[in-house]
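Peer 1: This is the structure I want to talk about, given as structure tokens.
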Amino acid sequence: MDGSQSEPAETWTVAGRTFRSRLIVGTGKYKDYAQNAAAAEAAGAEIVTVALRRVNLSDPTQPMLADFVKPDRFTYLPNTAGCFTGEEAVRTLRLAREAGGWDLVKLEVLSQTKHLLPDMEETLRALKLLISEGFQVMVYCSDDPVYAKKLEDAGAAAIMPAAAPIGSGRGIQNALNLGLIIEQTSVPVLVDAGVGTASDAVVAMELGCDAVLMNTAIAEARDPIRMAIAMKHAVIAGREAYLAGRMARRTYGDPSSPQAGLI
């Protein structure tokens with residue numbers, strides 16, 4: 001790659017759609033839609049997730065997301081945040097397809113617990129229903145390689161394991177499981193949820209993730225726009241390091257200079 005380039009030229013593809021940016025950002029928790037739009041631009045994002053139960057897409061008497069985060073600039077990825085049963089999730093995405101024609105969607109079925117980790121049984125059941133209705137489904141899931149394989153076998157367009165509980169900012173808690181999921185999966189793998197700062201995004205990309213999705217890490221930063229820029233560079237740096245191939249880990253020191261011919 002030409003060292004003068006500021007961004008890698010490579011792309012990634014999900015459900016037949018190709019993107020350059022490997023950073024996906026959310027559309028919630030910002031002080032307003034204007035800040036949300038500015039952060040998405042600063043992040044260099046091409047995809048934004050849209051929580052259909054929480055974002056105004058249709059009431060013209062209130063500020064509307066589409067007036068700021070322009071649909072002709074960003075690919076909207078409708079998601080089912082706030083759904084706790086398969087029926088709720090499927091109903092929500094049927095309405096999304098009717099309203100906006102969206103068929104590439106993000107499935108998220110949460111457990112009714114404080115940690116908000118996904119209910120994998122309900123998630124798998126909802127995925128099968130959505131696939132049967134022609135949706136292309138990116139699936140938020142636990143970092144369980146066994147369930148991740150079941151989701152892929154059922155037709156998921158992408159596997160999206162949580163690094164840590166939603167909004168916790170704790171970073172990747174189980175790099176081993178995440179690595180196993182990446183190794184076994186033929187569709188894109190994206191870390192989704194739990195990222196807190198730029199180093200977390202770097203780790204995800206160095207492990208081999210195709211992309212990273214985040215919301216709270218940017219929206220709740222003291223300076224969301226600056227954090228969005230940091231995350232953009234973190235994802236690029238992590239991906240470049242992954243492609244470069246890191247040096248071997250060693251137990252003992254290894255001199256940087258040749259040992260022969262010393263004065």
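Every chain in the structure tokens takes a letter, A first, then B, and so on in the order presented; its residues are numbered from 1, and the ligands are numbered from 1 following the presented order.
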For the interface of segment 126-232 of chain A with segment 90-97 of chain A (cut-off 12 Å, counting only C-alpha atoms), please tabulate each contacting residue of segment 126-232 of chain A alongside its nearest pair of atoms and their separation in Å to one decimal, rows sorted by chain and increasing number, as JSON lines.
Peer 2:
```
{"residue": "A:Ala126", "atom": "CA", "partner": "A:Val90", "partner_atom": "CA", "distance": 6.4}
{"residue": "A:Leu127", "atom": "CA", "partner": "A:Val90", "partner_atom": "CA", "distance": 8.5}
{"residue": "A:Lys128", "atom": "CA", "partner": "A:Val90", "partner_atom": "CA", "distance": 10.1}
{"residue": "A:Leu129", "atom": "CA", "partner": "A:Val90", "partner_atom": "CA", "distance": 7.4}
{"residue": "A:Leu130", "atom": "CA", "partner": "A:Val90", "partner_atom": "CA", "distance": 6.6}
{"residue": "A:Ile131", "atom": "CA", "partner": "A:Val90", "partner_atom": "CA", "distance": 10.4}
{"residue": "A:Ser132", "atom": "CA", "partner": "A:Val90", "partner_atom": "CA", "distance": 11.1}
{"residue": "A:Glu133", "atom": "CA", "partner": "A:Arg94", "partner_atom": "CA", "distance": 9.1}
{"residue": "A:Gly134", "atom": "CA", "partner": "A:Arg94", "partner_atom": "CA", "distance": 10.6}
{"residue": "A:Phe135", "atom": "CA", "partner": "A:Leu93", "partner_atom": "CA", "distance": 8.8}
{"residue": "A:Gln136", "atom": "CA", "partner": "A:Leu93", "partner_atom": "CA", "distance": 11.0}
{"residue": "A:Val137", "atom": "CA", "partner": "A:Leu93", "partner_atom": "CA", "distance": 10.3}
```
Peer 1: Taking only residues of segment 26-75 of chain A that have an atom at most 10 Å from an atom of segment 102-115 of chain A, what is each one's shortest atom pair and its distance in Å to one decimal, using only C-alpha atoms, in chain and number order, as JSON lines?
Peer 2:
```
{"residue": "A:Thr49", "atom": "CA", "partner": "A:Lys106", "partner_atom": "CA", "distance": 7.9}
{"residue": "A:Val50", "atom": "CA", "partner": "A:Lys106", "partner_atom": "CA", "distance": 9.1}
{"residue": "A:Ala51", "atom": "CA", "partner": "A:Lys106", "partner_atom": "CA", "distance": 9.4}
{"residue": "A:Thr75", "atom": "CA", "partner": "A:Leu104", "partner_atom": "CA", "distance": 9.6}
```
Peer 1: Considering only C-alpha atoms, can you say which of A:Leu116, A:Val69, A:Leu57, A:Leu77 comes closest to Ala164 of chain A?
Peer 2: A:Leu116
Peer 1: Using only C-alpha atoms, determine which residues lie at most 7 Å from segment 141-156 of chain A, disregarding the query and same-chain residues fewer than 3 positions distant; provide the list as a list in words.
Peer 2: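 In the requested format, the answer is Leu117, Pro118, Met120, Leu124, Lys128, Ile131, Val137, Met138, Ile159, Met160, Pro161, Ala162, Asn177, Leu178, Leu180 and Ile181 of chain A.
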Peer 1: Selection from above, N, CA, C and O atoms, as a short mmCIF file (atom, residue, chain, number, x, y, z; two decimals), in the first residue's frame, can you write it?
Peer 2:
```cif
data_model
loop_
_atom_site.label_atom_id
_atom_site.label_comp_id
_atom_site.auth_asym_id
_atom_site.auth_seq_id
_atom_site.Cartn_x
_atom_site.Cartn_y
_atom_site.Cartn_z
N LEU A 117 -27.39 -8.65 28.18
CA LEU A 117 -26.80 -9.55 27.20
C LEU A 117 -27.92 -10.20 26.38
O LEU A 117 -29.07 -10.26 26.80
N PRO A 118 -27.59 -10.67 25.18
CA PRO A 118 -28.65 -11.20 24.31
C PRO A 118 -29.23 -12.52 24.81
O PRO A 118 -28.51 -13.34 25.38
N MET A 120 -30.03 -15.71 23.60
CA MET A 120 -29.63 -16.38 22.37
C MET A 120 -30.69 -17.33 21.82
O MET A 120 -30.80 -17.51 20.61
N LEU A 124 -31.95 -16.74 18.01
CA LEU A 124 -31.89 -17.75 16.94
C LEU A 124 -33.28 -18.00 16.36
O LEU A 124 -33.44 -18.13 15.14
N LYS A 128 -34.38 -17.15 12.32
CA LYS A 128 -34.96 -18.09 11.37
C LYS A 128 -36.25 -17.55 10.76
O LYS A 128 -36.50 -17.72 9.56
N ILE A 131 -35.17 -14.73 8.23
CA ILE A 131 -34.58 -15.31 7.02
C ILE A 131 -35.68 -15.87 6.11
O ILE A 131 -35.66 -15.69 4.89
N VAL A 137 -29.84 -10.49 7.61
CA VAL A 137 -29.81 -10.19 9.04
C VAL A 137 -28.40 -10.24 9.62
O VAL A 137 -27.73 -11.29 9.57
N MET A 138 -27.96 -9.12 10.15
CA MET A 138 -26.75 -9.05 10.95
C MET A 138 -27.18 -9.26 12.41
O MET A 138 -28.11 -8.60 12.87
N ILE A 159 -22.06 -11.92 11.95
CA ILE A 159 -22.09 -12.29 13.36
C ILE A 159 -21.51 -11.13 14.16
O ILE A 159 -20.42 -10.64 13.86
N MET A 160 -22.23 -10.70 15.21
CA MET A 160 -21.85 -9.48 15.93
C MET A 160 -21.77 -9.74 17.43
O MET A 160 -22.65 -9.35 18.20
N PRO A 161 -20.70 -10.39 17.88
CA PRO A 161 -20.59 -10.70 19.31
C PRO A 161 -20.31 -9.46 20.15
O PRO A 161 -19.59 -8.55 19.73
N ALA A 162 -20.88 -9.45 21.35
CA ALA A 162 -20.64 -8.37 22.30
C ALA A 162 -19.24 -8.52 22.89
O ALA A 162 -18.84 -9.61 23.29
N ASN A 177 -12.53 -16.33 23.03
CA ASN A 177 -13.77 -16.69 22.36
C ASN A 177 -13.97 -15.89 21.08
O ASN A 177 -14.43 -16.42 20.06
N LEU A 178 -13.66 -14.61 21.14
CA LEU A 178 -13.81 -13.77 19.95
C LEU A 178 -12.90 -14.30 18.83
O LEU A 178 -13.32 -14.38 17.66
N LEU A 180 -11.90 -17.37 18.41
CA LEU A 180 -12.48 -18.61 17.91
C LEU A 180 -13.63 -18.34 16.94
O LEU A 180 -13.79 -19.02 15.92
N ILE A 181 -14.47 -17.35 17.27
CA ILE A 181 -15.58 -17.00 16.38
C ILE A 181 -15.06 -16.50 15.05
O ILE A 181 -15.54 -16.89 13.98
#
```
Peer 1: Do you have the atom CA of Gly196 of chain A-atom CA of Ala163 of chain A distance handy?
Peer 2: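 Going from atom CA of Gly196 of chain A over to atom CA of Ala163 of chain A covers 10.0 Å.
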Peer 1: Pull the strand (DSSP E) assignments for segment 20-262 of chain A out of DSSP run on the backbone, and list those residues as a ChimeraX atom specification.
Peer 2: /A:23-25,47-51,75-79,104-107,136-141,158-161,190-192,211-214
Peer 1: Write out, as a CSV table (one decimal), in the first residue's frame, the residues just selected, with N, CA and C atoms.
Peer 2:
```
chain,number,residue,atom,x,y,z
A,23,LEU,N,-15.9,1.2,10.6
A,23,LEU,CA,-16.5,1.7,11.8
A,23,LEU,C,-18.0,2.1,11.6
A,24,ILE,N,-18.8,1.4,12.4
A,24,ILE,CA,-20.3,1.7,12.3
A,24,ILE,C,-20.7,2.4,13.6
A,25,VAL,N,-21.5,3.4,13.5
A,25,VAL,CA,-21.9,4.2,14.7
A,25,VAL,C,-23.4,4.1,14.8
A,47,ILE,N,-22.2,3.4,7.6
A,47,ILE,CA,-23.4,2.7,8.1
A,47,ILE,C,-23.7,3.3,9.5
A,48,VAL,N,-25.0,3.6,9.7
A,48,VAL,CA,-25.4,4.0,11.0
A,48,VAL,C,-26.6,3.1,11.4
A,49,THR,N,-26.5,2.6,12.7
A,49,THR,CA,-27.6,1.8,13.2
A,49,THR,C,-28.8,2.7,13.6
A,50,VAL,N,-30.0,2.3,13.4
A,50,VAL,CA,-31.1,3.1,13.8
A,50,VAL,C,-32.1,2.2,14.7
A,51,ALA,N,-32.2,2.6,15.9
A,51,ALA,CA,-33.0,1.9,16.9
A,51,ALA,C,-34.5,2.3,16.6
A,75,THR,N,-25.8,4.5,5.0
A,75,THR,CA,-26.7,3.4,4.9
A,75,THR,C,-27.3,3.2,6.3
A,76,TYR,N,-28.6,3.2,6.3
A,76,TYR,CA,-29.3,2.9,7.6
A,76,TYR,C,-29.4,1.4,7.8
A,77,LEU,N,-29.0,1.1,9.1
A,77,LEU,CA,-29.1,-0.3,9.5
A,77,LEU,C,-30.2,-0.4,10.6
A,78,PRO,N,-31.4,-0.6,10.3
A,78,PRO,CA,-32.5,-0.7,11.4
A,78,PRO,C,-32.2,-1.8,12.3
A,79,ASN,N,-32.3,-1.5,13.6
A,79,ASN,CA,-32.1,-2.6,14.6
A,79,ASN,C,-33.3,-2.7,15.6
A,104,LEU,N,-31.8,-5.1,4.8
A,104,LEU,CA,-30.6,-5.4,5.6
A,104,LEU,C,-30.8,-4.8,7.0
A,105,VAL,N,-30.8,-5.7,8.0
A,105,VAL,CA,-31.2,-5.3,9.3
A,105,VAL,C,-30.3,-5.9,10.4
A,106,LYS,N,-30.4,-5.3,11.6
A,106,LYS,CA,-29.6,-5.8,12.7
A,106,LYS,C,-30.6,-6.4,13.7
A,107,LEU,N,-30.5,-7.7,14.0
A,107,LEU,CA,-31.3,-8.3,15.0
A,107,LEU,C,-30.7,-8.2,16.4
A,136,GLN,N,-32.1,-9.8,5.2
A,136,GLN,CA,-30.7,-10.1,5.4
A,136,GLN,C,-30.3,-9.6,6.8
A,137,VAL,N,-29.8,-10.5,7.6
A,137,VAL,CA,-29.8,-10.2,9.0
A,137,VAL,C,-28.4,-10.2,9.6
A,138,MET,N,-28.0,-9.1,10.2
A,138,MET,CA,-26.7,-9.1,11.0
A,138,MET,C,-27.2,-9.3,12.4
A,139,VAL,N,-26.5,-10.2,13.1
A,139,VAL,CA,-27.1,-10.6,14.4
A,139,VAL,C,-26.2,-10.3,15.6
A,140,TYR,N,-26.7,-9.5,16.5
A,140,TYR,CA,-26.0,-9.3,17.8
A,140,TYR,C,-26.1,-10.5,18.7
A,141,CYS,N,-25.0,-10.9,19.2
A,141,CYS,CA,-25.0,-12.2,20.0
A,141,CYS,C,-24.0,-12.2,21.1
A,158,ALA,N,-24.1,-11.5,9.1
A,158,ALA,CA,-22.9,-11.2,9.8
A,158,ALA,C,-23.2,-11.6,11.3
A,159,ILE,N,-22.1,-11.9,12.0
A,159,ILE,CA,-22.1,-12.3,13.4
A,159,ILE,C,-21.5,-11.1,14.2
A,160,MET,N,-22.2,-10.7,15.2
A,160,MET,CA,-21.9,-9.5,15.9
A,160,MET,C,-21.8,-9.7,17.4
A,161,PRO,N,-20.7,-10.4,17.9
A,161,PRO,CA,-20.6,-10.7,19.3
A,161,PRO,C,-20.3,-9.5,20.2
A,190,LEU,N,-18.3,-8.7,13.5
A,190,LEU,CA,-18.1,-7.3,14.0
A,190,LEU,C,-18.3,-7.3,15.5
A,191,VAL,N,-17.4,-6.7,16.2
A,191,VAL,CA,-17.6,-6.5,17.6
A,191,VAL,C,-18.7,-5.4,17.8
A,192,ASP,N,-19.6,-5.8,18.6
A,192,ASP,CA,-20.8,-4.9,18.8
A,192,ASP,C,-21.1,-4.8,20.3
A,211,ALA,N,-15.2,-5.4,11.3
A,211,ALA,CA,-15.6,-4.0,11.6
A,211,ALA,C,-15.9,-3.9,13.1
A,212,VAL,N,-16.2,-2.7,13.5
A,212,VAL,CA,-16.6,-2.5,14.9
A,212,VAL,C,-17.8,-1.6,14.9
A,213,LEU,N,-18.8,-1.9,15.8
A,213,LEU,CA,-20.0,-1.1,15.9
A,213,LEU,C,-19.9,-0.5,17.3
A,214,MET,N,-20.2,0.8,17.4
A,214,MET,CA,-20.2,1.4,18.8
A,214,MET,C,-21.2,2.6,18.8
```
